[in-house]
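Everything below concerns the one structure shown next.
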Amino acid sequence: MTSSRSTPATPSLRALVRLAGLILLPALAACGDSGGFAGDPTVPASYAAHGSVGQVWVTDAEPGQELRLLDVGRTVEQTATADAQGSLIFRDVPAATGYTVRATVAGQTSASEPLAVTGPADAPDPSFYAAQTVAGGYQYVEMRDGTLLAINVILPGPVEEGPYPTVIEYSGYSPADPDSPQPSTALASALGYAAVGVNMRGTGCSGGAFEFFETLQSTDGYDVVEIVASQPWVLHGRVGMVGLSYPGISQLFTAHLQPPSLAAIAPLSLIADTARGILYPGGILNNGFATDWAAERKRDAQPGGQAWSRRRIEAGDQTCIDNQKLRGQSPDILQTIEDNQFYTPEIADPLSPATFVSNIVVPVFLTGAWQDEQTGGYFATMLDRFTSSPSVHFTMTNGAHTEGLTPAMFARWMEFLDLYVARRLPRRSVLAPVIVGVLNDALWHSDVALALEPERFAGVTSYEEALARWESEPPVRVLFDNGTGTEDPGTPGPGFEASFDAWPIPGTQATPWYFGPGGSLSPESPGASGVDSFAYDPTRAQETSLHGPSDEVWRAHPAWDWQPLPDGTAVAYATGPLANDLVLAGSASVDLWLSSTAADTDLQVTLSEIRPDGQETYVQNGWLRASHRKVDDAVSTELRPVQTHLAADAAPLPAGEAVLARVELFPFAHAFRAGSRLRISISAPGGDRVLWKFRTLAAEGDVVNTIGYGGATPSRVVLPVVPGAEIPTPLPACNALRAQPCREYVAASNAG
């Protein structure tokens, strides 16, 4: 099936015209023939060359043919060889007009027409978007560089009965697959929204090559927003973006370019920092979920790499077939990971939303879970950076990757879309409870029916009043004890919740507890110094905390396998029973005075709760490769050490000497009842997470790590205490808290 409009015969020329290349083209044409220069005879190229954003791409060359990219002064910028499909992408090309691609065969030089390379801010004229017609069903839309992306449009009714409130789901999964809409697309469609699923370039039936969140994926998102919003069936001429995980993250990359027709974004379960937050936490490769996910994207980026695109290719979709030509130019994402074991700002910063979410100027509805088995809890470190958005609503909870779809989140998601995309008084669809039931059957498998909270705008009679009420609410909502809010412990639903004016929570008190003898953890550091040692055991790096497939963690009753710390391979420190309830919320710092018999070692710290009934509940982790211990003083705080992870800052551990190694405990929120105890464990990485595994340092012989306490080596944990917070519910049942396994407490060998 092809596009609803005719595919242009010369997309490179059209792209050139709309990207302002016309200024120089007449002069260049006068200089010689077919893109050549006076005195430099050439023949027209048999291959197709296209200017793009920071790139030039070539198709239909001879396989193995050497191609040269020349600038307007005939200086050779790059030389490379066409792949087996006759394709090539020149990357990192400065924005300019007048580039040509040349090849010489048997003494004869061929040249492309002059090309324009643009920057990310060089958007086409609005007429380019308005000229494209998008109807219901599967089709293709053209990006500013001529690349065609596959999309699927689900309309609530006939075009002539519109306009309809409209949302876009954009990712490298299969959002354009007409036979299997992605979750947020299906939800929005069921609620009466027009929903548009779009496959990123280099995936599915979309053209181009795939590179993880390269600039072109952001500009493509911009172009898609403007193309869709220009359609007469789109209400208000503006669209929203929706999606959980990959299509949630893509919203940030699109929105920071500020497409004029974007109304709002609703990203769920996302990341803040690709490198430090998920790929190399603490400088240690996450070779569980992170590299597994990258390997899947590598497979998807192959020609016909997704099942639905193979079906279309086999059925004769010529556009999909042609769109596979550049697949061989997709960089090896796994090799890129290997090549960047240290933080390289020019590479990592553009891939980290925390560096650019301040540019987002539309309303934001964002959710995340502290124990998310895929994207992790690091997302919260960027929440204070949405400084340009006129309205933000953040909801955080304990739980797993799908918490953004649970009733407590879903109800607010519907309100947000009604207010900012449909621009109407929120009225709950009669299908909403049915949708919750379907989600429960597919994801959570609770034994009780899940219910949405009461409709919050039932008594409101005007859109303006509803919007004012929404915008007057505190922007930060934290759900506590998720899993205890129904009669079936473990089912999604908070025990209680609290709202705050900002994150980090204003007034949070950085409160230290110091390590001491016998595994004690006390408000005061012991006067006399001491040490505790443990054997470094890298064999646990591939161990996880769950039996069975990973989606078990979404269920109401996961098959947990959270094992006690093997004796002698960890040390731990615990407080006495708390005299009063204690609420902790935010990032935390585990400040270790560390020495080792090895020049480098990997650390995992774990915060847990020792309950009065003798059980232990998991709360959160942090990680650090000791050689990466250098912190960035400009951004670090008492509660949050931020390592530079620069190669230049890496340093071995000095032999026989204790040094300070601050480990960042990822953000969390947890209610500790009176009678419970706080526990901090230190070990080699592994065993605490559902999907995260670690490529840890090998042990050369018997490696012993030593933690100093008291005196000149006051190791401690600094935790974020929320003063005055109340806990209105009793201690949850063991294993009731979502994504927080519970086990019998076993003391470490140092008695902590």
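Residues are named by chain letter and number: chains run A, B, ... in the order of the structure tokens, numbers start at 1 in each chain, and ligands are numbered from 1 in the order shown.
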
Practice task
Once DSSP has gone over the backbone, tell me which residues of segment 541-720 of chain A are in strand (DSSP E), as number ranges by chain.
Solution key: A: 570-574, 582-596, 602-610, 615-625, 659-672, 677-683, 704-709, 716-720

Keeping only C-alpha atoms, write those residues as an mmCIF file, in the first residue's frame.
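For reference, result-v1.cif as written:
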```
data_model
loop_
_atom_site.group_PDB
_atom_site.id
_atom_site.type_symbol
_atom_site.label_atom_id
_atom_site.label_comp_id
_atom_site.auth_asym_id
_atom_site.auth_seq_id
_atom_site.Cartn_x
_atom_site.Cartn_y
_atom_site.Cartn_z
ATOM 1 C CA ALA A 570 28.750 -7.769 51.614
ATOM 2 C CA VAL A 571 28.637 -5.491 54.605
ATOM 3 C CA ALA A 572 25.514 -3.813 55.896
ATOM 4 C CA TYR A 573 24.534 -1.156 58.424
ATOM 5 C CA ALA A 574 21.144 -0.733 60.082
ATOM 6 C CA LEU A 582 9.711 8.580 58.629
ATOM 7 C CA VAL A 583 9.079 9.571 55.003
ATOM 8 C CA LEU A 584 12.053 9.732 52.649
ATOM 9 C CA ALA A 585 11.728 11.187 49.144
ATOM 10 C CA GLY A 586 14.458 12.225 46.719
ATOM 11 C CA SER A 587 18.006 11.289 45.803
ATOM 12 C CA ALA A 588 20.457 10.126 48.444
ATOM 13 C CA SER A 589 24.204 9.764 48.869
ATOM 14 C CA VAL A 590 26.110 6.813 50.304
ATOM 15 C CA ASP A 591 29.501 8.285 51.235
ATOM 16 C CA LEU A 592 32.003 5.458 51.576
ATOM 17 C CA TRP A 593 35.564 5.602 52.816
ATOM 18 C CA LEU A 594 36.802 2.793 50.620
ATOM 19 C CA SER A 595 40.023 0.861 50.214
ATOM 20 C CA SER A 596 40.640 -2.317 48.270
ATOM 21 C CA ASP A 602 32.563 -2.115 41.451
ATOM 22 C CA LEU A 603 30.055 -1.259 44.153
ATOM 23 C CA GLN A 604 26.323 -1.633 44.620
ATOM 24 C CA VAL A 605 24.555 0.030 47.509
ATOM 25 C CA THR A 606 21.061 -0.990 48.533
ATOM 26 C CA LEU A 607 18.570 0.797 50.736
ATOM 27 C CA SER A 608 16.042 -1.519 52.346
ATOM 28 C CA GLU A 609 13.592 -1.604 55.236
ATOM 29 C CA ILE A 610 13.907 -4.155 58.023
ATOM 30 C CA GLN A 615 11.057 -9.283 56.904
ATOM 31 C CA GLU A 616 13.111 -6.991 54.665
ATOM 32 C CA THR A 617 11.694 -4.859 51.824
ATOM 33 C CA TYR A 618 13.743 -3.570 48.902
ATOM 34 C CA VAL A 619 13.670 0.200 48.335
ATOM 35 C CA GLN A 620 16.402 1.400 45.943
ATOM 36 C CA ASN A 621 19.941 0.947 44.581
ATOM 37 C CA GLY A 622 22.969 2.931 43.505
ATOM 38 C CA TRP A 623 26.176 1.876 41.735
ATOM 39 C CA LEU A 624 29.739 3.073 41.293
ATOM 40 C CA ARG A 625 32.940 1.916 39.662
ATOM 41 C CA VAL A 659 39.485 7.358 49.756
ATOM 42 C CA LEU A 660 36.039 8.904 49.648
ATOM 43 C CA ALA A 661 33.723 7.306 47.084
ATOM 44 C CA ARG A 662 30.239 8.823 47.034
ATOM 45 C CA VAL A 663 27.578 6.572 45.512
ATOM 46 C CA GLU A 664 24.421 8.144 44.139
ATOM 47 C CA LEU A 665 21.336 6.319 45.404
ATOM 48 C CA PHE A 666 18.763 6.720 42.633
ATOM 49 C CA PRO A 667 15.648 8.772 43.474
ATOM 50 C CA PHE A 668 12.889 7.107 45.479
ATOM 51 C CA ALA A 669 10.051 7.767 47.906
ATOM 52 C CA HIS A 670 9.249 5.412 50.748
ATOM 53 C CA ALA A 671 7.281 5.469 53.983
ATOM 54 C CA PHE A 672 9.082 3.854 56.942
ATOM 55 C CA ARG A 677 14.829 -0.091 60.649
ATOM 56 C CA LEU A 678 16.778 1.507 57.802
ATOM 57 C CA ARG A 679 19.439 -0.677 56.212
ATOM 58 C CA ILE A 680 22.284 0.130 53.812
ATOM 59 C CA SER A 681 24.097 -2.795 52.194
ATOM 60 C CA ILE A 682 27.316 -2.630 50.162
ATOM 61 C CA SER A 683 28.301 -5.424 47.800
ATOM 62 C CA VAL A 704 38.834 -7.652 49.435
ATOM 63 C CA ASN A 705 37.050 -4.325 49.762
ATOM 64 C CA THR A 706 37.165 -2.449 53.048
ATOM 65 C CA ILE A 707 34.786 0.213 54.357
ATOM 66 C CA GLY A 708 36.077 2.538 57.040
ATOM 67 C CA TYR A 709 33.845 4.079 59.690
ATOM 68 C CA ARG A 716 27.629 7.459 56.099
ATOM 69 C CA VAL A 717 24.377 7.621 54.176
ATOM 70 C CA VAL A 718 22.651 10.978 53.702
ATOM 71 C CA LEU A 719 18.925 10.517 53.203
ATOM 72 C CA PRO A 720 16.152 12.943 52.102
#
```

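For the pair atom CA of Gly197 of chain A and atom CA of Ala275 of chain A, the separation is 27.6 Å.
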
Between A:Val198, A:Ile154, A:Ala315, A:Ala95, smallest distance to Val141 of chain A by only C-alpha atoms belongs to A:Val198

| message | For Ala747 of chain A, find every residue with an atom within 10 Å (counting only C-alpha atoms), except residues of its own chain fewer than 2 positions away, and show them as a ChimeraX atom specification. | response | /A:519,564-565,567,571-574,744-745,749-752

The selected residues should be written to file as a short mmCIF file (atom, residue, chain, number, x, y, z; two decimals), in the first residue's frame (atoms: C-alpha atoms).
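Result went into result_39.cif, see below:
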```
data_model
loop_
_atom_site.label_atom_id
_atom_site.label_comp_id
_atom_site.auth_asym_id
_atom_site.auth_seq_id
_atom_site.Cartn_x
_atom_site.Cartn_y
_atom_site.Cartn_z
CA GLY A 519 26.81 -2.90 61.51
CA PRO A 564 19.84 -12.64 50.93
CA LEU A 565 23.38 -11.39 50.64
CA ASP A 567 27.79 -14.40 53.73
CA VAL A 571 28.64 -5.49 54.60
CA ALA A 572 25.51 -3.81 55.90
CA TYR A 573 24.53 -1.16 58.42
CA ALA A 574 21.14 -0.73 60.08
CA GLU A 744 13.27 -12.79 55.37
CA TYR A 745 15.86 -10.55 56.95
CA SER A 749 28.57 -11.00 58.50
CA ASN A 750 29.34 -7.62 60.07
CA ALA A 751 25.92 -7.89 61.80
CA GLY A 752 24.22 -5.04 59.88
#
```

How many Å lie between atom CA of Asp223 of chain A and atom CA of Phe410 of chain A, rounded to one decimal?
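Separation between atom CA of Asp223 of chain A and atom CA of Phe410 of chain A: 28.3 Å.
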
One-decimal distance in Å that lies between atom CA of Pro577 of chain A and atom CA of Ser520 of chain A: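 Interatomic distance here is 11.5 Å.
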
**Residue contacts of Gly202 of chain A (9 Å, only C-alpha atoms) excluding same-chain residues fewer than 3 positions away, as number ranges by chain** = A: 149, 172, 199, 205-211, 300-303, 323-324, 326-327, 330

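The closest residue to Thr254 of chain A, picked from A:Ala195, A:Val224, A:Leu70, A:Val134 and counting only C-alpha atoms, is A:Val224.
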
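Here the DSSP assignment of alpha helix (DSSP H), based on backbone atoms, applies within segment 394-443 of chain A to Pro407, Ala408, Met409, Phe410, Ala411, Arg412, Trp413, Met414, Glu415, Phe416, Leu417, Ala432, Pro433, Val434, Ile435, Val436, Gly437, Val438 and Leu439 of chain A.
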
From A:Phe416, A:Tyr129, A:Trp692, A:Tyr138, residue lying nearest Ser545 of chain A [only C-alpha atoms]
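Smallest distance to Ser545 of chain A is found for A:Trp692.
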